[in-house]
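**Student:** Questions regarding the structure given below will be posed in turn.
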Amino acid sequence: LRRRIAAAPDRGPLIAPGVYDAMGAAAAEAAGFEAAYLSGASIAYSRLGGPDLGLIALPELVETVALIRERTDLPLVVDADNGFGNALNVRRTLRRLERAGASAVQLEDQSFPKRCGHLADKSLIEPAEMVGKIRAAVDSRQDPDLTLIIRTDAVAVEGFDAAMARAEAYLEAGADVLFVEAPQDEAQLAAVPRRFAGRVPTLANMVEGGRTPNRTAQALGELGFSIVIFPGGLARAVVQTMQAYFASLRQHGSNAPFRERMLDFQGINDFVRTPEVLAWAARFEGQPDAGEAHAPESDAGAEPAAREVWERHVVERDAEGNELLYVDRHLAHEGSFHAFGKLAGRDLPVARPDLTLLIADHYAPTRGRDRPIADPEVARVSRLLEENAARFGLDLIGLQDPRQGIVHVVGPELGFTLPGLTIVCGDSHTSTHGAFGAVAFGIGASEVAHVLATQCLWQRRPKPMRVRFVGQPRASVGAKDLVLAMIAQIGADGGSGHALEYVGSAVERLSMAGRMTLCNLSIESGARFGLIAPDATTFAYVTGRPLAPRGALLERALADWRGLASDPDAPFAAEVTVEVDGLGPMVTWGTSPEQAAPVAGRVPDPASLPTAARREAAAKALAYMDLQPGQALDGLAIDRVFIGSCTNARLEDLREAAAAIGGRRAQVPALVSPGSRAVKRAAEREGLDAVFRAAGFEWADSGCSMCVGMNGDLVPPGARCASTANRNFPGRQGPGSRTHLVSPAMAALAAVLESPAVVLLRGNVDTDQIIPARFLRKPREGTAGYAPYLFADLDDAPAGLRGEERGDGCDGEEAGGEAAPEILIAGRNFGCGSSREGAVYALVDAGYRAVVAESFGDIFRANAARNGLLCVQLAPEEVGALAAAAAEAPAARLTVDLPAQSVAAPGLAAYHFAIDGFSKKLLRAGYDELDLTLSLAGAIADFSAAAEAARPWLRPETTGAMGPLARVRRSQVALGRNGALVGPFFEELDYRPTPIGALSLRRRRELSLDVEVYEIKLGEAFLMSSLFTASEVALARLGLAALTPRGGACDVVVGGLGLGYTAQAVLQAPEVASLLVVEALEPVIDWHREGLLPLGRELCADPRCRFVAGDFFALAAGAEGFDPTAPGRRVDAVLVDIDHTPDFLLDTGHADFYRPAGLTRLAAHLRPGGVFGLWSNAPPEPAFTARLADVFATAWAEPVRFANPLQAGREVTQTVYLARTAAEAAPGTAQGTAQGTA
């Protein structure tokens, strides 16, 4: 349910019709709805025949949920009213509903007894009490996927603004979804999702005849709502149908006139599944009396294998259908540190240390294992794994352990994974272990803690689904192709709520490596896990593994495991047949594993897909992947290759990839990360590493690596990667990366440049002919770049040469849909003329990757190497032979082998060419010159350390310079008429992606002023600059001067750390005892602590100063205040160091905080005589001063004037606003002092 809600911006809002019993839920599921809403009002209508006035109790609600769960697994949103009491009641309500099978629980802030949200005369509890109830719900939640929907009914009681303020507080308390009940007009309705856009999903409630304007789900989705409920519609429709039916029956004495509106006898029995239930019961006819005790049978022939394994591990069941499942094996990795923190916080030991194995894999560097981990966060979590292993007495396979590898590769290698077990891990691809006939699934951090502490988990049993692969696939087709074909057939949610059991001759012929690949990707179909019943192949793999049973114990185990075979007649809730006759290798074309097709096929037209959701998703995926419907997949230009991950990094996978290379060499960067160190050693013994290295592949260490874009193993923005991993989600392998999932053999083949050629056998084709100068005024933008202008004016150009004929951008396809040639054969002196790099841009943008010619212009050749275009210079007769071969057979592929420095065509001997070492390195790495330098960061750091050790004065810290050696990202320095340097020169010190956009820290040198400036930017917008600090300093000095003297030291809160000038000015006052700085952007705090900002070390060294990462405005609106270590603590001054505009302060649609209600809540955090202050970037605004005066005892504005050095000293006026609470001391004294100081 969480995933569907999160997908609302792309798929449209989740529509949840109201239901009140199992029959309604089943009908909603049959109609294709993705969730249902269990309305408290409808239960009252149907069970009591009464109104929605708080008459339904918790037992009735839990019973209804449990009955619905017996009939359907449709995600269920449960209306729990006000939680039936205080925080203790909320805890009990949440846990009972969770165990009964609720997918989401809705709580509201009405007092008891509650009533329908669209009725009058409601009453509410206080916001603080509701915040406590929400926190109790968050703390009580045991399933991390349970969604908390928090509703406020304040619109009708306190007004819309108060409702929004409550919603803000509820969000801070932990709401997963916000539900503002009964907006009264279009403006209010639209304001709700706009206010919380990008922060939390919002829910809209459509009640026919209620207080809110009724709109379609589509229209509400366009406003920004993620969920739309229609809670009472079914009840109203049913009541009207009842009335019509009874009126007809009474009038006619027969059902005949109403029959067309009714199901017949067979129809109702089919709907309630009578034949299925009877068939199930028939299997048990003649069995012994239920009262007799019988030992469990070892023969599981009547059940699916998954059901038999599951049943063996059930410790206990509750009345709501939950089962306490015993866990045989638990695997954990660096990402499990949250779970260990939960145990430590409650002083709990690990129940069974012998059943948990820790393995370092998720953050494992794939290079430089002999050096300390450079990334401090990666180093920290790696260190935590070691500390937790020691603290709790657990076995650890660390980074230097010869057994180290990806957790789902190492477990089977060691024999830790065995048939018939239950296996869990905090990783979704734990389903890999199902290949052994084990029930294996991924769990969240809370569940990891649960397993550590108890060795058990509460679970709901998934329904069994049989997936049968029918037919004989081609020899080139592997397990990855089979499972991608299945997911493409049933969809990414086709297995939702099910456990998949794979059968068929194609499955039986798979090796264990293939079976692990098949089960690994089960999760990508939405299934809970996948399983293959164990057989002789399984037993042969397990026998002899280090942790597997031996001798007589093995014989007993084998006898037991043979009993896990699935009977062909076993009942399944669903069955899927996948035809594999003639199936070829598969490749994904979109951003979900379901978007896959044979590599010999074409990108489908989204209009041809079966559902609206898949059509919409496909259209978005094609836009992201820069592909077109009908485009050929074979020959698609690939920029990167990754062979690795828990899906395809075993020895068999590496053998398959090495065999596919067949002596050819890579023309794009290619990375091989073996699944474990054992796999790597075995591959090296077989010489596979030599095959990869000779082909130009990088041979790395084991880890999750490029599968998740870890430790610098990234795909550049816009680049295509042929990957053997398991997910092709947008940005998974790096921001803007485009992933195509393939088998290992397909990935290896993608690294070799083989392409038809276009022939332009002319001499002296200059840069003006390549791209006319007039087009260079245009920006190089979009996917096409300069491609449309390539050879635009060339007379008699051969077909397929011009950019306009080759489609959009460098997608390697002509406008007609066929693969466009990537090799150009030219005459002598190609690229002569001007130095313009636009000629190279045009060729690259149009998809050319190599130019073969008799000679080149020198500048053109240099530009080409730096932009990834290979220039191959051959003798005239060799160029002529290649041109003739290409003309004779236009579709024939030439092979350009950069490592071997050769070019070959069918029927011709390979021709060798020369290339300088530096250009070759650039082209083989896929870098431009700057990227290559950046890739040497480790070597640069080593050199720098050695140099500074020999000459300490080279260290920036010893000369007073600020910050580390920085990357010069862009320079705009010019030479003035007098010979002086003018304009800004800047370097980017750090760059961080955040939920609100990319945040960057820059140090800029204003050369004309001889001034160094620090700036923080959000995207391209400036957030703050050290060039304008007068108002920040004035805010601190005026604010402290305005305090009513009370004797002793004072405590101050500053909202917004920024560049630190307000905080520094506060700390300069000796009377300040403590300073708490609240900053919403964590990177800003990091930059101060790391010394990247000039005031950072000074602030961090002062023991009076503490930083808190959080939303200042949300903390100000809450009852507990700003200090998480001292809830409710009041302070002497609150100063907001945030750039305000008058519009922001006065526009109540954007700044509810600065309305009287918000200011009143803030004033409550001040002691008597305390001061609130903020600064604005404009002259004083009397209207805002008056608003402050309405809330505080006194308020005034102080203008701050200074000269702008960037505008010839032009005077700038800004404003510091101050307000003071009432004090026992005589008023006005401090204010007069403050004004005199100003």
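Simple scheme: letters A, B, ... for chains in structure tokens order, numbers from 1 for residues in each chain, numbers from 1 for ligands in the order shown.
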Using only C-alpha atoms, determine which residues lie at most 10 Å from His338 of chain A, disregarding the query and same-chain residues fewer than 2 positions distant; provide the list as an MDAnalysis selection string.

**Tutor:** chainID A and resid 334:336 340:344 444:446 448:449

**Student:** Keeping only N, CA and C atoms, write those residues as a compact mmCIF listing (two decimals), in the first residue's frame.

**Tutor:**
```txt
# COMPACT_ATOMS: atom_id res chain seq x y z
N GLU A 334 25.47 -4.40 7.07
CA GLU A 334 25.77 -3.11 7.68
C GLU A 334 24.51 -2.26 7.89
N GLY A 335 23.54 -2.41 7.00
CA GLY A 335 22.33 -1.60 7.09
C GLY A 335 21.42 -1.97 8.24
N SER A 336 21.79 -2.99 9.02
CA SER A 336 20.92 -3.45 10.12
C SER A 336 21.23 -2.74 11.43
N PHE A 340 19.95 -3.13 15.84
CA PHE A 340 20.78 -3.33 17.01
C PHE A 340 20.60 -2.18 18.00
N GLY A 341 20.37 -0.97 17.45
CA GLY A 341 20.10 0.16 18.33
C GLY A 341 18.83 -0.04 19.15
N LYS A 342 17.81 -0.65 18.53
CA LYS A 342 16.58 -0.93 19.26
C LYS A 342 16.84 -1.92 20.41
N LEU A 343 17.66 -2.94 20.16
CA LEU A 343 17.98 -3.89 21.22
C LEU A 343 18.75 -3.21 22.34
N ALA A 344 19.73 -2.41 21.96
CA ALA A 344 20.53 -1.72 22.97
C ALA A 344 19.67 -0.78 23.80
N GLY A 444 11.98 -5.62 7.48
CA GLY A 444 12.43 -4.28 7.82
C GLY A 444 13.21 -4.25 9.12
N ALA A 445 13.71 -3.06 9.48
CA ALA A 445 14.59 -2.92 10.64
C ALA A 445 13.89 -3.34 11.93
N SER A 446 12.62 -2.98 12.10
CA SER A 446 11.90 -3.37 13.31
C SER A 446 11.76 -4.88 13.39
N VAL A 448 13.85 -7.00 11.98
CA VAL A 448 15.18 -7.52 12.28
C VAL A 448 15.39 -7.54 13.79
N ALA A 449 15.03 -6.44 14.45
CA ALA A 449 15.16 -6.39 15.91
C ALA A 449 14.30 -7.47 16.56
```

**Student:** Could you give me, as a PyMOL selection string, each residue of segment 509-628 of chain A that DSSP assigns to helix (DSSP H, G or I) when run on this structure's backbone?

**Tutor:** chain A and resi 512-525+536-542+551-562+606-608+612-625

**Student:** Can you list, as a PyMOL selection string, every protein, DNA or RNA residue that comes within 12 Å of Leu61 of chain A when you count only C-alpha atoms, leaving out same-chain residues fewer than 2 positions away?

**Tutor:** chain A and resi 20-21+38-44+47+54-59+63-68+78-81+83-84+93-94+96-98+100-102+105+320

**Student:** Can you pull out every residue within 7 Å of segment 1014-1018 of chain A, counting only C-alpha atoms, but drop anything in the same chain fewer than 2 positions away, and send it as a count of residues only?

**Tutor:** 16

**Student:** Got a sec: who's within 7 Å of Leu418 of chain A, counting only C-alpha atoms, leaving out chain neighbours fewer than 2 positions off, as a count of residues only?

**Tutor:** 6

**Student:** Which residues are near segment 187-192 of chain A? Cut-off 9 Å, only C-alpha atoms, ignore same chain within fewer than 4 positions. Put them as a ChimeraX atom specification.

**Tutor:** /A:160,164,179-180,182-183,196-197,202,204,212-213,220,223-225,1149

**Student:** Which residue out of A:Leu1218, A:Ala1163, A:Ala527, A:Ala219 has the minimum interatomic distance to Val1191 of chain A when only C-alpha atoms are used?

**Tutor:**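 That would be A:Ala1163, the residue with the smallest distance to Val1191 of chain A.
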
**Student:** For a test of reading the model, state the distance in Å between atom CA of Leu384 of chain A and atom CA of Ala440 of chain A, rounded to one decimal.

**Tutor:**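 Value for the atom CA of Leu384 of chain A-atom CA of Ala440 of chain A distance: 25.6 Å.
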